Amino acid sequence: MSAPATTAAHVRTKRTPAVTRAEGWRRRGPLLPALIFTIVVTQVPFLFTLYFSTQSWNLVRPGSREFVGLSNYADVFRDSQFRQVALNTAILIVGTVLISALIGLGLALLLDRKFHGRAVVRTLLITPFLVTPVAGALLWKTTMFDPVFGMINFVLSPFGVGNVDWISKYPLASVMIALIWQWTPFMMLLILAGLQSMPRDILEAARVDGAGAFSLFRELTLPHLRRFIELGVVLGAIYLINTFDQVYMMTSGGPGVESSNLPFYIYQRAFLGFDVGQAAAMGVVTVIVTIILATLALRLIFKSFTTQEAA
Amino acid sequence: MSVDVRTPERRDVAAIKKQARKKRQDKGKSGIVWSVVAWVLALGFFFPVFWMVLTSFKQEGDAYTDPPTLFFTPTLDQYTAVLDSDIGTALLNSLFATVVSTLLVLLLGIPAAFALSLRPVQKTQDVLFFFISTKMLPVVAVIVPLYVIVNEIGLLDNIWAMIILYTAMNLPIAVWMMRSFFLEVPGELLEAAGLDGASTWRAVREVILPIVSPGIAATALICAIFSWNEFFFAVNLTAVQAQTVPVSLVGFITGEGLYWARLSAAATLAALPVVIAGWLAQNKLVRGLSFGAIK
């Protein structure tokens, strides 16, 4: 990867003076166990993924394993389901991140003021993020979205909404709602941390100077919050690319692949279709796309966080 | 917009006081409105959890009614039934995997964070970037080989496979987070402790660790939360013996939501430890989740 050299230069650290070789090793010593462990557990399997992706290997056909070069990749790009799933993944990530960042911003602004029971309100608001994702998904599937007994239909019934089967009618949106519910608290916490790190005296001075609430927000608060929102978006996207629990529990990717995302689709290929080679090739494609996007995103947060620290 | 801090001094004091009083009154009124909005939204976000806990104390008959039942005779039947099922094994497995993997993360991560902060190795940036880059990769890309490898070495459906994976999953976050805590140790303190040769370990143990211990505790908590909630590895690599709590929840959905109350009790049990831990440590949570990027 080319990213480390360029991006890393921005990260803050204490200056390293020139050290002797022996001293260098003494310093490196404590790092090595963690580094080696991480390399072995995270990188070695990926090398296997690369290798498997060149094999035609289906577990239900013993002896079927052979080298096929890049043909698995060709199949991935020909697979229209894969394209649909990749699109779903993008929709899920972008939609969830943006909506939860927006709601999170609103909630953070509400919580940035002193009022009765603010601590309780914050505690209630962060709870969805803490609930085990599988439990959260089950909760939405059964008690919230159920067509007959679910709370959503009960709450909406005065507005003339009948017994809608939300999950089968709008599977992707249902998954997204559960994800937004889970991720909004995260955004709120991050943005709240940003708000509380705002220099109060400047705000106070601007207010005394007669600045209206809106111009205060637009010209002081929002620029200050920008890097916190960016961080939230990037981290949210990193965590959300691995979304599996909600899809698995709520829709199983269905109907068809309408609500399937890449982790779930690849899981299906590998563990239900037993197509190791295909699944591996899809994994590699996912990784390449993610690396490209993550590198861009990381530059963004590193830039935003180091310019601030330098100032 | 220009900001002039001295402006008020030049204004008529009485006028300012009057204006401030009026503003406070206005603010008081709109303040109440916004507080009510905050409360309503918070209760809305919390409602599904509240409903889950409420349902867990119902009999199945009360759990699915239309309209929903709010008043009922609470019962602990669902909890006793859940605890009689495999969830007991799963709770123990989750507890074991969470505790051991968190300890391993600290064992590997504290020295690494030290080597990347207080007495930095060369190319610190590259190492840090490497650690974080492992978090960027979709885990689905390695699940197939992991299955094959774990199967080969005979650790399929063995809790130790989960422990190794959870350690690897949390180590990068822990290293970043603890590094940011270590960087706060004042430099003079280190020099005073005379960090050379044989006394390094003593200085770390007696001077640095006490200072950073709240940070280490927060790191441990974040790692524990992630391990407890993890599902993807667990559902693919464990079956009966080593199943963890999230996996055992799947067992309650067979029959398509026929046992809502029981399911709610199981889900409540699964969520409770993490929710309580998170409530207690909400301030530390942000820092961990942002890989230490925010203080």
# chains A, B, ... in the order shown; residues from 1 in each chain; ligands from 1

call {"tool": "residues_around", "arguments": {"residues": "Pro172 of chain B", "least_positions_apart": "4", "cutoff": "8 Å", "atoms": "only C-alpha atoms", "output": "list of chain:residue names"}}
result
B:Phe131, B:Ile132, B:Thr134, B:Lys135, B:Ala168, B:Trp176

call {"tool": "residues_around", "arguments": {"residues": "Pro273 of chain B", "least_positions_apart": "5", "cutoff": "9 Å", "atoms": "only C-alpha atoms", "output": "PDB file with N, CA and C atoms, in the first residue's frame"}}
result
ATOM      1  N   ILE B 225     -16.664  -4.908  25.250  1.00  0.00           N
ATOM      2  CA  ILE B 225     -17.957  -4.690  24.589  1.00  0.00           C
ATOM      3  C   ILE B 225     -17.953  -5.308  23.191  1.00  0.00           C
ATOM      4  N   TRP B 228     -17.984  -9.160  23.395  1.00  0.00           N
ATOM      5  CA  TRP B 228     -19.268  -9.681  23.851  1.00  0.00           C
ATOM      6  C   TRP B 228     -20.302  -9.648  22.731  1.00  0.00           C
ATOM      7  N   GLY B 278     -21.593   0.269  29.403  1.00  0.00           N
ATOM      8  CA  GLY B 278     -21.565   1.476  28.583  1.00  0.00           C
ATOM      9  C   GLY B 278     -22.145   2.680  29.307  1.00  0.00           C
TER      10      GLY B 278
END

call {"tool": "residues_around", "arguments": {"residues": "segment 167-179 of chain A", "least_positions_apart": "6", "cutoff": "9 Å", "atoms": "only C-alpha atoms", "output": "PyMOL selection string"}}
result
chain A and resi 88+91-93+95-96+100+133+136-137+140-141+145-147+240+243+246-247+250-251+253-255+258-260

call {"tool": "residues_around", "arguments": {"residues": "Leu104 of chain B", "least_positions_apart": "2", "cutoff": "9 Å", "atoms": "only C-alpha atoms", "output": "PDB file with N, CA, C and O atoms, in the first residue's frame"}}
result
ATOM      1  N   VAL B  99     -13.255 -12.107  28.643  1.00  0.00           N
ATOM      2  CA  VAL B  99     -12.234 -11.832  29.656  1.00  0.00           C
ATOM      3  C   VAL B  99     -10.844 -12.184  29.129  1.00  0.00           C
ATOM      4  O   VAL B  99      -9.916 -11.374  29.173  1.00  0.00           O
ATOM      5  N   VAL B 100     -10.706 -13.396  28.582  1.00  0.00           N
ATOM      6  CA  VAL B 100      -9.364 -13.829  28.168  1.00  0.00           C
ATOM      7  C   VAL B 100      -8.856 -12.980  27.008  1.00  0.00           C
ATOM      8  O   VAL B 100      -7.704 -12.540  26.996  1.00  0.00           O
ATOM      9  N   SER B 101      -9.713 -12.702  26.019  1.00  0.00           N
ATOM     10  CA  SER B 101      -9.220 -11.915  24.878  1.00  0.00           C
ATOM     11  C   SER B 101      -8.881 -10.494  25.314  1.00  0.00           C
ATOM     12  O   SER B 101      -7.900  -9.918  24.847  1.00  0.00           O
ATOM     13  N   THR B 102      -9.660  -9.939  26.242  1.00  0.00           N
ATOM     14  CA  THR B 102      -9.333  -8.586  26.719  1.00  0.00           C
ATOM     15  C   THR B 102      -7.999  -8.581  27.454  1.00  0.00           C
ATOM     16  O   THR B 102      -7.173  -7.685  27.256  1.00  0.00           O
ATOM     17  N   LEU B 106      -4.546  -6.519  26.369  1.00  0.00           N
ATOM     18  CA  LEU B 106      -3.760  -5.641  27.238  1.00  0.00           C
ATOM     19  C   LEU B 106      -2.307  -6.115  27.314  1.00  0.00           C
ATOM     20  O   LEU B 106      -1.375  -5.323  27.247  1.00  0.00           O
ATOM     21  N   LEU B 107      -2.139  -7.428  27.411  1.00  0.00           N
ATOM     22  CA  LEU B 107      -0.794  -7.998  27.505  1.00  0.00           C
ATOM     23  C   LEU B 107       0.048  -7.636  26.277  1.00  0.00           C
ATOM     24  O   LEU B 107       1.218  -7.278  26.378  1.00  0.00           O
ATOM     25  N   LEU B 108      -0.544  -7.721  25.099  1.00  0.00           N
ATOM     26  CA  LEU B 108       0.181  -7.404  23.873  1.00  0.00           C
ATOM     27  C   LEU B 108       0.172  -5.901  23.615  1.00  0.00           C
ATOM     28  O   LEU B 108       1.133  -5.345  23.076  1.00  0.00           O
ATOM     29  N   GLY B 109      -0.932  -5.253  23.959  1.00  0.00           N
ATOM     30  CA  GLY B 109      -1.141  -3.869  23.542  1.00  0.00           C
ATOM     31  C   GLY B 109      -0.399  -2.845  24.392  1.00  0.00           C
ATOM     32  O   GLY B 109       0.079  -1.846  23.857  1.00  0.00           O
ATOM     33  N   ILE B 163     -11.184 -16.579  20.913  1.00  0.00           N
ATOM     34  CA  ILE B 163     -10.307 -15.727  21.726  1.00  0.00           C
ATOM     35  C   ILE B 163      -9.194 -15.135  20.865  1.00  0.00           C
ATOM     36  O   ILE B 163      -8.909 -13.941  20.934  1.00  0.00           O
ATOM     37  N   ILE B 164      -8.594 -15.968  20.022  1.00  0.00           N
ATOM     38  CA  ILE B 164      -7.512 -15.463  19.163  1.00  0.00           C
ATOM     39  C   ILE B 164      -8.047 -14.392  18.214  1.00  0.00           C
ATOM     40  O   ILE B 164      -7.455 -13.321  18.041  1.00  0.00           O
ATOM     41  N   THR B 167      -8.926 -11.150  20.009  1.00  0.00           N
ATOM     42  CA  THR B 167      -7.711 -10.420  20.366  1.00  0.00           C
ATOM     43  C   THR B 167      -7.205  -9.641  19.151  1.00  0.00           C
ATOM     44  O   THR B 167      -6.893  -8.451  19.254  1.00  0.00           O
ATOM     45  N   LEU B 171      -7.027  -5.566  19.100  1.00  0.00           N
ATOM     46  CA  LEU B 171      -5.683  -5.063  19.370  1.00  0.00           C
ATOM     47  C   LEU B 171      -5.404  -3.710  18.699  1.00  0.00           C
ATOM     48  O   LEU B 171      -4.876  -2.798  19.356  1.00  0.00           O
TER      49      LEU B 171
END

call {"tool": "select_by_dssp", "arguments": {"residues": "segment 7-91 of chain A", "states": "alpha helix (DSSP H)", "output": "PyMOL selection string"}}
result
chain A and resi 7-8+21-28+32-38+44-52+71-78+80-91

call {"tool": "residues_around", "arguments": {"residues": "Gly69 of chain A", "least_positions_apart": "3", "cutoff": "12 Å", "atoms": "only C-alpha atoms", "output": "PyMOL selection string"}}
result
chain A and resi 50-56+66+72-75+277-278+281

call {"tool": "write_last_selection", "arguments": {"atoms": "N, CA and C atoms", "output": "PDB file, in the first residue's frame"}}
result
ATOM      1  N   LEU A  50      -6.349 -14.804  -1.273  1.00  0.00           N
ATOM      2  CA  LEU A  50      -5.823 -14.544  -2.616  1.00  0.00           C
ATOM      3  C   LEU A  50      -5.611 -15.862  -3.364  1.00  0.00           C
ATOM      4  N   TYR A  51      -5.021 -16.828  -2.662  1.00  0.00           N
ATOM      5  CA  TYR A  51      -4.745 -18.116  -3.275  1.00  0.00           C
ATOM      6  C   TYR A  51      -6.052 -18.833  -3.650  1.00  0.00           C
ATOM      7  N   PHE A  52      -6.986 -18.884  -2.693  1.00  0.00           N
ATOM      8  CA  PHE A  52      -8.265 -19.566  -2.965  1.00  0.00           C
ATOM      9  C   PHE A  52      -9.005 -18.929  -4.134  1.00  0.00           C
ATOM     10  N   SER A  53      -8.797 -17.623  -4.304  1.00  0.00           N
ATOM     11  CA  SER A  53      -9.568 -16.941  -5.350  1.00  0.00           C
ATOM     12  C   SER A  53      -9.136 -17.374  -6.745  1.00  0.00           C
ATOM     13  N   THR A  54      -7.995 -18.076  -6.836  1.00  0.00           N
ATOM     14  CA  THR A  54      -7.570 -18.565  -8.143  1.00  0.00           C
ATOM     15  C   THR A  54      -7.964 -20.029  -8.343  1.00  0.00           C
ATOM     16  N   GLN A  55      -8.701 -20.565  -7.379  1.00  0.00           N
ATOM     17  CA  GLN A  55      -9.068 -21.982  -7.458  1.00  0.00           C
ATOM     18  C   GLN A  55     -10.551 -22.138  -7.801  1.00  0.00           C
ATOM     19  N   SER A  56     -10.835 -23.138  -8.577  1.00  0.00           N
ATOM     20  CA  SER A  56     -12.231 -23.531  -8.690  1.00  0.00           C
ATOM     21  C   SER A  56     -12.431 -24.600  -7.621  1.00  0.00           C
ATOM     22  N   GLU A  66      -9.204 -27.051  -8.612  1.00  0.00           N
ATOM     23  CA  GLU A  66      -8.144 -26.861  -9.603  1.00  0.00           C
ATOM     24  C   GLU A  66      -7.867 -25.389  -9.820  1.00  0.00           C
ATOM     25  N   ASN A  72     -12.471 -16.751 -11.662  1.00  0.00           N
ATOM     26  CA  ASN A  72     -13.417 -16.407 -10.600  1.00  0.00           C
ATOM     27  C   ASN A  72     -13.729 -14.918 -10.617  1.00  0.00           C
ATOM     28  N   TYR A  73     -12.694 -14.122 -10.892  1.00  0.00           N
ATOM     29  CA  TYR A  73     -12.891 -12.668 -10.919  1.00  0.00           C
ATOM     30  C   TYR A  73     -13.792 -12.283 -12.083  1.00  0.00           C
ATOM     31  N   ALA A  74     -13.553 -12.929 -13.224  1.00  0.00           N
ATOM     32  CA  ALA A  74     -14.408 -12.645 -14.379  1.00  0.00           C
ATOM     33  C   ALA A  74     -15.862 -12.952 -14.030  1.00  0.00           C
ATOM     34  N   ASP A  75     -16.058 -14.064 -13.308  1.00  0.00           N
ATOM     35  CA  ASP A  75     -17.425 -14.424 -12.911  1.00  0.00           C
ATOM     36  C   ASP A  75     -18.029 -13.382 -11.974  1.00  0.00           C
ATOM     37  N   GLY A 277     -13.915 -20.747  -3.981  1.00  0.00           N
ATOM     38  CA  GLY A 277     -13.180 -19.917  -4.940  1.00  0.00           C
ATOM     39  C   GLY A 277     -13.918 -18.625  -5.242  1.00  0.00           C
ATOM     40  N   GLN A 278     -15.207 -18.747  -5.540  1.00  0.00           N
ATOM     41  CA  GLN A 278     -16.026 -17.572  -5.829  1.00  0.00           C
ATOM     42  C   GLN A 278     -16.065 -16.615  -4.649  1.00  0.00           C
ATOM     43  N   ALA A 281     -12.822 -14.738  -4.298  1.00  0.00           N
ATOM     44  CA  ALA A 281     -12.651 -13.680  -5.301  1.00  0.00           C
ATOM     45  C   ALA A 281     -13.488 -12.455  -4.935  1.00  0.00           C
TER      46      ALA A 281
END

call {"tool": "residues_around", "arguments": {"residues": "Thr80 of chain B", "least_positions_apart": "6", "cutoff": "12 Å", "atoms": "only C-alpha atoms", "output": "list in words"}}
result
Ser56, Phe57, Ile87, Gly88, Ala261, Arg262, Ala265, Ala266 and Leu269 of chain B

call {"tool": "write_last_selection", "arguments": {"atoms": "N, CA and C atoms", "output": "PDB file, in the first residue's frame"}}
result
ATOM      1  N   SER B  56     -40.126  -9.015  28.128  1.00  0.00           N
ATOM      2  CA  SER B  56     -39.443 -10.158  28.729  1.00  0.00           C
ATOM      3  C   SER B  56     -40.100 -10.578  30.050  1.00  0.00           C
ATOM      4  N   PHE B  57     -40.939  -9.706  30.620  1.00  0.00           N
ATOM      5  CA  PHE B  57     -41.631 -10.056  31.858  1.00  0.00           C
ATOM      6  C   PHE B  57     -43.069 -10.506  31.616  1.00  0.00           C
ATOM      7  N   ILE B  87     -28.453 -21.189  26.788  1.00  0.00           N
ATOM      8  CA  ILE B  87     -27.856 -19.864  26.938  1.00  0.00           C
ATOM      9  C   ILE B  87     -26.887 -19.837  28.111  1.00  0.00           C
ATOM     10  N   GLY B  88     -27.068 -20.751  29.057  1.00  0.00           N
ATOM     11  CA  GLY B  88     -26.119 -20.825  30.163  1.00  0.00           C
ATOM     12  C   GLY B  88     -24.713 -21.093  29.660  1.00  0.00           C
ATOM     13  N   ALA B 261     -41.772 -13.398  24.049  1.00  0.00           N
ATOM     14  CA  ALA B 261     -41.428 -13.051  25.421  1.00  0.00           C
ATOM     15  C   ALA B 261     -40.110 -13.716  25.808  1.00  0.00           C
ATOM     16  N   ARG B 262     -39.986 -14.981  25.404  1.00  0.00           N
ATOM     17  CA  ARG B 262     -38.754 -15.697  25.737  1.00  0.00           C
ATOM     18  C   ARG B 262     -37.558 -15.085  25.004  1.00  0.00           C
ATOM     19  N   ALA B 265     -36.525 -11.993  26.696  1.00  0.00           N
ATOM     20  CA  ALA B 265     -35.752 -12.252  27.909  1.00  0.00           C
ATOM     21  C   ALA B 265     -34.312 -12.599  27.550  1.00  0.00           C
ATOM     22  N   ALA B 266     -34.142 -13.433  26.519  1.00  0.00           N
ATOM     23  CA  ALA B 266     -32.784 -13.807  26.099  1.00  0.00           C
ATOM     24  C   ALA B 266     -32.022 -12.592  25.586  1.00  0.00           C
ATOM     25  N   LEU B 269     -30.975 -10.415  28.438  1.00  0.00           N
ATOM     26  CA  LEU B 269     -29.809 -10.975  29.123  1.00  0.00           C
ATOM     27  C   LEU B 269     -28.531 -10.723  28.328  1.00  0.00           C
TER      28      LEU B 269
END

call {"tool": "atom_distance", "arguments": {"atom1": "atom CA of Asn236 of chain B", "atom2": "atom CA of Trp183 of chain A"}}
result
24.4 Å

call {"tool": "residues_around", "arguments": {"residues": "segment 31-46 of chain B", "least_positions_apart": "2", "cutoff": "12 Å", "atoms": "only C-alpha atoms", "output": "JSON, numbers by chain"}}
result
{"A": [103, 104, 106, 107, 108, 109, 110, 111, 112, 113, 114, 115, 116, 117, 118, 119, 120, 121, 122, 123, 124, 125, 126, 127, 128, 129, 130, 131, 136, 151, 152, 155, 177, 178, 180, 181, 182, 183, 184, 185, 188], "B": [23, 24, 25, 26, 27, 28, 29, 48, 49, 50, 51, 52, 53, 275]}

call {"tool": "closest_residue", "arguments": {"among": "B:Met162, B:Val144, B:Ala15, B:Ala203", "to": "chain A", "atoms": "only C-alpha atoms"}}
result
B:Val144
